[in-house]
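Chemist: Take a look at the following structure, please.
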Amino acid sequence: MATTRFGISLDDTLLKRFDRLIDAKGYESRSEAIRDLIRDTIVKDEWEAGSAEAAGTITLLYDHHTRELQDTLTHIQHRHHSLVQSSMHIHLDEHFCLEILVVRGKGRDVKKIADRLIGTKGVKHGKLTLTSTGKGLA
Ligand code: NI
């Protein structure tokens with residue numbers, strides 16, 4: 001297999017942080033670390049675009065005072081009720097709510113609802129964590 005060398009421009013601060021990180025992780029070279037990052041990104045993309053069944057969680061952080069936000073989030077979840085297996089709501093303080101949804105379905109469908117929820121105006125932070133359903137991992 002042919003190998004191509006290419007250069008990457010990075011600001012010094014970012015590069016220093018990256019070097020510290022890969023050193024701590026025990027990589028022998030930047031190239032090795034970057035190859036791993038690229039592979040990880042490709043695998044993640046295949047998974048999220050795929051039809052294989054995945055399970056995972058969607059974490060949402062938002063201010064419940066934001067107008068109509070909670071209604072919108074609930075509405076989206078009801079529209080995709082077969083994907084949302086369970087949800088937990090924690091009132092973090094007077095303003096912020098932390099919501100954790102357990103989702104299960106085709107990777108691409110789970111990704112779609114996660115994008116909708118996380119992209120809803122007023123959601124301060126959101127994250128989809130996908131894992132396997134365990135099938136085929138024996
Ligand atoms: Ni709350």
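Chain labels A, B, ... are given in the sequence in which chains occur in the structure tokens; within each chain residues are numbered consecutively from 1, and ligands are likewise numbered from 1 in the order shown.
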With only C-alpha atoms and all ligand atoms counted, collect every polymer residue having an atom within 9 Å of ligand 1; state the result as JSON, numbers by chain.

Modeler: {"A": [62, 63, 64, 89, 90, 91, 92, 93, 94, 95, 96, 97, 98, 99]}

Chemist: Would you mind listing what lies within 8 Å of Glu53 of chain A as an NGL selection string, with only C-alpha atoms counted and same-chain residues fewer than 5 positions away left out?

Modeler: :A and (104-107 or 132-133)

Chemist: Considering only C-alpha atoms, state which residue in the set A:Lys135, A:Thr57, A:Thr66, A:Thr74 is at the smallest distance from Ala114 of chain A.

Modeler: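 Among A:Lys135, A:Thr57, A:Thr66, A:Thr74, it is A:Thr57 that comes nearest to Ala114 of chain A.
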
Chemist: Compile the contact shell of segment 22-39 of chain A as a list in words: residues with an atom at most 12 Å away, counting only C-alpha atoms, same-chain residues fewer than 2 positions apart removed.

Modeler: Thr3, Thr4, Arg5, Phe6, Gly7, Ile8, Leu15, Lys16, Arg17, Phe18, Asp19, Arg20, Thr41, Ile42, Val43, Lys44, Asp45 and Glu46 of chain A

Chemist: Could you take the residues named above and write them with all heavy atoms, as a short mmCIF file (atom, residue, chain, number, x, y, z; two decimals), in the first residue's frame?

Modeler:
```cif
data_model
loop_
_atom_site.label_atom_id
_atom_site.label_comp_id
_atom_site.auth_asym_id
_atom_site.auth_seq_id
_atom_site.Cartn_x
_atom_site.Cartn_y
_atom_site.Cartn_z
N THR A 3 2.15 5.01 0.65
CA THR A 3 2.04 5.94 1.77
C THR A 3 2.30 7.34 1.27
O THR A 3 3.23 7.56 0.49
CB THR A 3 3.06 5.58 2.87
OG1 THR A 3 2.82 4.25 3.29
CG2 THR A 3 2.92 6.52 4.06
N THR A 4 1.46 8.28 1.69
CA THR A 4 1.65 9.68 1.30
C THR A 4 2.06 10.49 2.52
O THR A 4 1.48 10.32 3.59
CB THR A 4 0.32 10.25 0.73
OG1 THR A 4 -0.10 9.43 -0.35
CG2 THR A 4 0.48 11.68 0.25
N ARG A 5 3.07 11.32 2.34
CA ARG A 5 3.43 12.25 3.42
C ARG A 5 2.74 13.57 3.15
O ARG A 5 2.66 14.02 2.02
CB ARG A 5 4.95 12.48 3.43
CG ARG A 5 5.76 11.29 3.89
CD ARG A 5 7.25 11.64 3.84
NE ARG A 5 7.57 12.73 4.75
CZ ARG A 5 7.94 12.54 6.02
NH1 ARG A 5 8.05 11.33 6.49
NH2 ARG A 5 8.22 13.56 6.80
N PHE A 6 2.19 14.17 4.21
CA PHE A 6 1.60 15.50 4.02
C PHE A 6 1.85 16.34 5.26
O PHE A 6 2.08 15.83 6.35
CB PHE A 6 0.09 15.40 3.71
CG PHE A 6 -0.75 14.87 4.84
CD1 PHE A 6 -1.47 15.74 5.65
CD2 PHE A 6 -0.81 13.50 5.09
CE1 PHE A 6 -2.26 15.24 6.69
CE2 PHE A 6 -1.59 13.01 6.13
CZ PHE A 6 -2.31 13.87 6.93
N GLY A 7 1.87 17.65 5.05
CA GLY A 7 2.15 18.56 6.15
C GLY A 7 0.87 19.10 6.76
O GLY A 7 -0.17 19.17 6.10
N ILE A 8 0.91 19.43 8.03
CA ILE A 8 -0.25 20.00 8.72
C ILE A 8 0.18 21.31 9.36
O ILE A 8 1.21 21.36 10.04
CB ILE A 8 -0.76 19.05 9.82
CG1 ILE A 8 -1.20 17.71 9.23
CG2 ILE A 8 -1.91 19.68 10.60
CD1 ILE A 8 -1.58 16.67 10.26
N LEU A 15 -0.44 22.66 19.06
CA LEU A 15 0.54 21.60 18.85
C LEU A 15 1.19 21.16 20.17
O LEU A 15 1.36 19.97 20.42
CB LEU A 15 1.61 22.05 17.85
CG LEU A 15 2.62 20.97 17.45
CD1 LEU A 15 1.94 19.76 16.83
CD2 LEU A 15 3.66 21.55 16.49
N LYS A 16 1.50 22.13 21.03
CA LYS A 16 2.10 21.80 22.33
C LYS A 16 1.16 20.93 23.15
O LYS A 16 1.57 19.96 23.77
CB LYS A 16 2.44 23.09 23.10
CG LYS A 16 3.87 23.54 22.89
CD LYS A 16 4.20 24.79 23.70
CE LYS A 16 5.27 25.60 23.01
NZ LYS A 16 5.11 27.04 23.18
N ARG A 17 -0.11 21.31 23.16
CA ARG A 17 -1.09 20.52 23.92
C ARG A 17 -1.21 19.12 23.34
O ARG A 17 -1.32 18.15 24.06
CB ARG A 17 -2.47 21.21 23.90
CG ARG A 17 -2.53 22.43 24.79
CD ARG A 17 -3.93 22.85 25.08
NE ARG A 17 -4.68 21.80 25.79
CZ ARG A 17 -5.92 21.94 26.21
NH1 ARG A 17 -6.55 23.07 26.02
NH2 ARG A 17 -6.54 20.96 26.83
N PHE A 18 -1.22 19.04 22.01
CA PHE A 18 -1.33 17.74 21.35
C PHE A 18 -0.12 16.87 21.69
O PHE A 18 -0.27 15.69 22.02
CB PHE A 18 -1.45 17.94 19.83
CG PHE A 18 -1.73 16.68 19.07
CD1 PHE A 18 -2.91 15.98 19.28
CD2 PHE A 18 -0.82 16.19 18.15
CE1 PHE A 18 -3.17 14.80 18.57
CE2 PHE A 18 -1.07 15.01 17.44
CZ PHE A 18 -2.26 14.32 17.66
N ASP A 19 1.07 17.47 21.65
CA ASP A 19 2.29 16.72 21.97
C ASP A 19 2.27 16.19 23.40
O ASP A 19 2.67 15.06 23.65
CB ASP A 19 3.54 17.59 21.74
CG ASP A 19 3.91 17.68 20.26
OD1 ASP A 19 3.41 16.84 19.47
OD2 ASP A 19 4.69 18.58 19.90
N ARG A 20 1.82 17.03 24.32
CA ARG A 20 1.72 16.58 25.72
C ARG A 20 0.76 15.41 25.84
O ARG A 20 1.02 14.42 26.52
CB ARG A 20 1.24 17.73 26.63
CG ARG A 20 2.36 18.64 27.11
CD ARG A 20 1.98 19.34 28.42
NE ARG A 20 0.74 20.09 28.35
CZ ARG A 20 0.65 21.36 27.97
NH1 ARG A 20 1.73 22.03 27.64
NH2 ARG A 20 -0.51 21.97 27.93
N THR A 41 -12.15 8.45 13.59
CA THR A 41 -13.15 9.30 12.95
C THR A 41 -13.90 8.53 11.87
O THR A 41 -15.12 8.63 11.74
CB THR A 41 -12.47 10.55 12.34
OG1 THR A 41 -11.73 11.20 13.36
CG2 THR A 41 -13.50 11.50 11.77
N ILE A 42 -13.17 7.72 11.10
CA ILE A 42 -13.79 6.94 10.02
C ILE A 42 -14.74 5.89 10.59
O ILE A 42 -15.88 5.74 10.12
CB ILE A 42 -12.71 6.29 9.13
CG1 ILE A 42 -11.99 7.37 8.31
CG2 ILE A 42 -13.32 5.24 8.20
CD1 ILE A 42 -10.75 6.90 7.59
N VAL A 43 -14.29 5.19 11.63
CA VAL A 43 -15.14 4.16 12.25
C VAL A 43 -16.41 4.79 12.82
O VAL A 43 -17.51 4.29 12.63
CB VAL A 43 -14.36 3.42 13.37
CG1 VAL A 43 -15.30 2.57 14.21
CG2 VAL A 43 -13.27 2.55 12.76
N LYS A 44 -16.24 5.93 13.52
CA LYS A 44 -17.37 6.62 14.12
C LYS A 44 -18.38 7.02 13.04
O LYS A 44 -19.58 6.86 13.21
CB LYS A 44 -16.85 7.86 14.86
CG LYS A 44 -17.84 8.49 15.78
CD LYS A 44 -17.11 9.43 16.75
CE LYS A 44 -18.09 10.31 17.47
NZ LYS A 44 -18.31 11.60 16.82
N ASP A 45 -17.86 7.52 11.93
CA ASP A 45 -18.73 7.96 10.85
C ASP A 45 -19.49 6.77 10.25
O ASP A 45 -20.68 6.85 9.98
CB ASP A 45 -17.91 8.66 9.76
CG ASP A 45 -18.79 9.13 8.63
OD1 ASP A 45 -19.62 10.02 8.88
OD2 ASP A 45 -18.68 8.59 7.51
N GLU A 46 -18.79 5.66 10.05
CA GLU A 46 -19.44 4.46 9.50
C GLU A 46 -20.57 4.00 10.40
O GLU A 46 -21.66 3.65 9.96
CB GLU A 46 -18.42 3.32 9.36
CG GLU A 46 -17.57 3.43 8.13
CD GLU A 46 -16.51 2.34 8.05
OE1 GLU A 46 -16.43 1.52 8.99
OE2 GLU A 46 -15.79 2.32 7.06
#
```

Chemist: Would you please give, as a VMD selection string, all residues of chain A that DSSP assigns to alpha helix (DSSP H) based on the backbone?

Modeler: chain A and resid 12 to 25 30 to 49 69 to 79 107 to 118

Chemist: Distance atom CA of Thr129 of chain A-atom CA of Ser51 of chain A, one decimal place?

Modeler: 16.6 Å

Chemist: If you run DSSP on this backbone, which residues of segment 19-68 of chain A come out as strand (DSSP E), and could you give them as an mmCIF file with all heavy atoms, in the first residue's frame?

Modeler:
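New file states25.cif:
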```cif
data_model
loop_
_atom_site.group_PDB
_atom_site.id
_atom_site.type_symbol
_atom_site.label_atom_id
_atom_site.label_comp_id
_atom_site.auth_asym_id
_atom_site.auth_seq_id
_atom_site.Cartn_x
_atom_site.Cartn_y
_atom_site.Cartn_z
ATOM 1 N N GLU A 53 -27.677 -2.076 14.530
ATOM 2 C CA GLU A 53 -28.325 -1.608 15.742
ATOM 3 C C GLU A 53 -27.285 -1.133 16.751
ATOM 4 O O GLU A 53 -26.295 -1.813 16.999
ATOM 5 C CB GLU A 53 -29.189 -2.704 16.371
ATOM 6 C CG GLU A 53 -30.194 -2.110 17.343
ATOM 7 C CD GLU A 53 -30.949 -3.168 18.150
ATOM 8 O OE1 GLU A 53 -30.416 -4.256 18.374
ATOM 9 O OE2 GLU A 53 -32.075 -2.856 18.564
ATOM 10 N N ALA A 54 -27.522 0.038 17.288
ATOM 11 C CA ALA A 54 -26.622 0.602 18.284
ATOM 12 C C ALA A 54 -27.434 0.988 19.512
ATOM 13 O O ALA A 54 -28.648 1.165 19.445
ATOM 14 C CB ALA A 54 -25.913 1.831 17.725
ATOM 15 N N ALA A 55 -26.775 1.100 20.630
ATOM 16 C CA ALA A 55 -27.398 1.589 21.848
ATOM 17 C C ALA A 55 -26.513 2.704 22.383
ATOM 18 O O ALA A 55 -25.324 2.767 22.055
ATOM 19 C CB ALA A 55 -27.514 0.473 22.870
ATOM 20 N N GLY A 56 -27.064 3.577 23.171
ATOM 21 C CA GLY A 56 -26.237 4.651 23.696
ATOM 22 C C GLY A 56 -27.019 5.625 24.539
ATOM 23 O O GLY A 56 -28.164 5.351 24.944
ATOM 24 N N THR A 57 -26.404 6.742 24.816
ATOM 25 C CA THR A 57 -27.058 7.784 25.603
ATOM 26 C C THR A 57 -26.908 9.137 24.922
ATOM 27 O O THR A 57 -25.919 9.398 24.239
ATOM 28 C CB THR A 57 -26.442 7.901 27.020
ATOM 29 O OG1 THR A 57 -25.042 8.163 26.887
ATOM 30 C CG2 THR A 57 -26.632 6.631 27.833
ATOM 31 N N ILE A 58 -27.916 9.951 25.116
ATOM 32 C CA ILE A 58 -27.843 11.346 24.677
ATOM 33 C C ILE A 58 -27.928 12.188 25.947
ATOM 34 O O ILE A 58 -28.861 12.025 26.738
ATOM 35 C CB ILE A 58 -29.001 11.717 23.729
ATOM 36 C CG1 ILE A 58 -28.980 10.830 22.474
ATOM 37 C CG2 ILE A 58 -28.935 13.191 23.344
ATOM 38 C CD1 ILE A 58 -30.239 10.955 21.607
ATOM 39 N N THR A 59 -26.937 13.025 26.159
ATOM 40 C CA THR A 59 -26.916 13.896 27.332
ATOM 41 C C THR A 59 -27.241 15.316 26.883
ATOM 42 O O THR A 59 -26.673 15.797 25.906
ATOM 43 C CB THR A 59 -25.509 13.876 27.977
ATOM 44 O OG1 THR A 59 -25.157 12.525 28.237
ATOM 45 C CG2 THR A 59 -25.481 14.664 29.262
ATOM 46 N N LEU A 60 -28.178 15.956 27.563
ATOM 47 C CA LEU A 60 -28.578 17.312 27.203
ATOM 48 C C LEU A 60 -28.512 18.215 28.425
ATOM 49 O O LEU A 60 -28.952 17.822 29.515
ATOM 50 C CB LEU A 60 -30.026 17.319 26.682
ATOM 51 C CG LEU A 60 -30.338 16.453 25.456
ATOM 52 C CD1 LEU A 60 -31.851 16.369 25.263
ATOM 53 C CD2 LEU A 60 -29.668 17.015 24.219
ATOM 54 N N LEU A 61 -27.953 19.389 28.248
ATOM 55 C CA LEU A 61 -27.916 20.390 29.312
ATOM 56 C C LEU A 61 -28.637 21.632 28.811
ATOM 57 O O LEU A 61 -28.325 22.137 27.731
ATOM 58 C CB LEU A 61 -26.457 20.723 29.648
ATOM 59 C CG LEU A 61 -26.259 21.825 30.699
ATOM 60 C CD1 LEU A 61 -26.586 21.315 32.090
ATOM 61 C CD2 LEU A 61 -24.829 22.345 30.653
ATOM 62 N N TYR A 62 -29.618 22.084 29.572
ATOM 63 C CA TYR A 62 -30.337 23.278 29.138
ATOM 64 C C TYR A 62 -30.979 24.016 30.305
ATOM 65 O O TYR A 62 -31.124 23.466 31.399
ATOM 66 C CB TYR A 62 -31.410 22.916 28.096
ATOM 67 C CG TYR A 62 -32.467 21.943 28.579
ATOM 68 C CD1 TYR A 62 -33.642 22.411 29.186
ATOM 69 C CD2 TYR A 62 -32.306 20.571 28.437
ATOM 70 C CE1 TYR A 62 -34.616 21.527 29.623
ATOM 71 C CE2 TYR A 62 -33.264 19.680 28.878
ATOM 72 C CZ TYR A 62 -34.424 20.163 29.473
ATOM 73 O OH TYR A 62 -35.384 19.293 29.917
ATOM 74 N N ASP A 63 -31.323 25.266 30.033
ATOM 75 C CA ASP A 63 -31.992 26.105 31.022
ATOM 76 C C ASP A 63 -33.496 25.955 30.804
ATOM 77 O O ASP A 63 -34.003 26.278 29.726
ATOM 78 C CB ASP A 63 -31.554 27.560 30.802
ATOM 79 C CG ASP A 63 -32.122 28.509 31.858
ATOM 80 O OD1 ASP A 63 -33.154 28.164 32.473
ATOM 81 O OD2 ASP A 63 -31.532 29.588 32.036
#
```

Chemist: Which residues, written as a PyMOL selection string, have at least one atom at most 9 Å from Ser87 of chain A, with only C-alpha atoms counted and residues fewer than 6 positions away on the same chain left out?

Modeler: chain A and resi 99-103

Chemist: Export, as a PDB file, in the first residue's frame, the selected residues with N, CA, C and O atoms.

Modeler:
```pdb
ATOM      1  N   GLU A  99     -30.518  16.229  31.220  1.00  0.00           N
ATOM      2  CA  GLU A  99     -31.395  15.153  30.791  1.00  0.00           C
ATOM      3  C   GLU A  99     -30.548  14.074  30.131  1.00  0.00           C
ATOM      4  O   GLU A  99     -29.672  14.373  29.328  1.00  0.00           O
ATOM      5  N   ILE A 100     -30.792  12.840  30.514  1.00  0.00           N
ATOM      6  CA  ILE A 100     -30.054  11.718  29.944  1.00  0.00           C
ATOM      7  C   ILE A 100     -31.052  10.743  29.337  1.00  0.00           C
ATOM      8  O   ILE A 100     -31.956  10.258  30.023  1.00  0.00           O
ATOM      9  N   LEU A 101     -30.926  10.504  28.043  1.00  0.00           N
ATOM     10  CA  LEU A 101     -31.819   9.597  27.342  1.00  0.00           C
ATOM     11  C   LEU A 101     -31.055   8.337  26.975  1.00  0.00           C
ATOM     12  O   LEU A 101     -29.917   8.423  26.509  1.00  0.00           O
ATOM     13  N   VAL A 102     -31.679   7.214  27.189  1.00  0.00           N
ATOM     14  CA  VAL A 102     -31.085   5.970  26.715  1.00  0.00           C
ATOM     15  C   VAL A 102     -31.766   5.642  25.386  1.00  0.00           C
ATOM     16  O   VAL A 102     -32.989   5.584  25.306  1.00  0.00           O
ATOM     17  N   VAL A 103     -30.952   5.501  24.352  1.00  0.00           N
ATOM     18  CA  VAL A 103     -31.491   5.296  23.016  1.00  0.00           C
ATOM     19  C   VAL A 103     -31.002   3.970  22.434  1.00  0.00           C
ATOM     20  O   VAL A 103     -29.937   3.476  22.789  1.00  0.00           O
TER      21      VAL A 103
END
```

Chemist: May I ask which of the residues A:His125, A:Ile113, A:Ala52, A:Arg108 is the closest one to Ile76 of chain A, counting only C-alpha atoms?

Modeler: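 So, comparing all the options, the nearest one is A:Ile113.
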
Chemist: Suppose you want the space between atom CA of Leu14 of chain A and atom CA of Lys124 of chain A; what is it in Å?

Modeler: 24.5 Å

Chemist: Calculated over only C-alpha atoms, which of the candidates A:Val110, A:Leu128, A:Val123, A:Leu10 has the smallest distance to Ala49 of chain A?

Modeler: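 Under the stated criterion, the closest residue is A:Val110.
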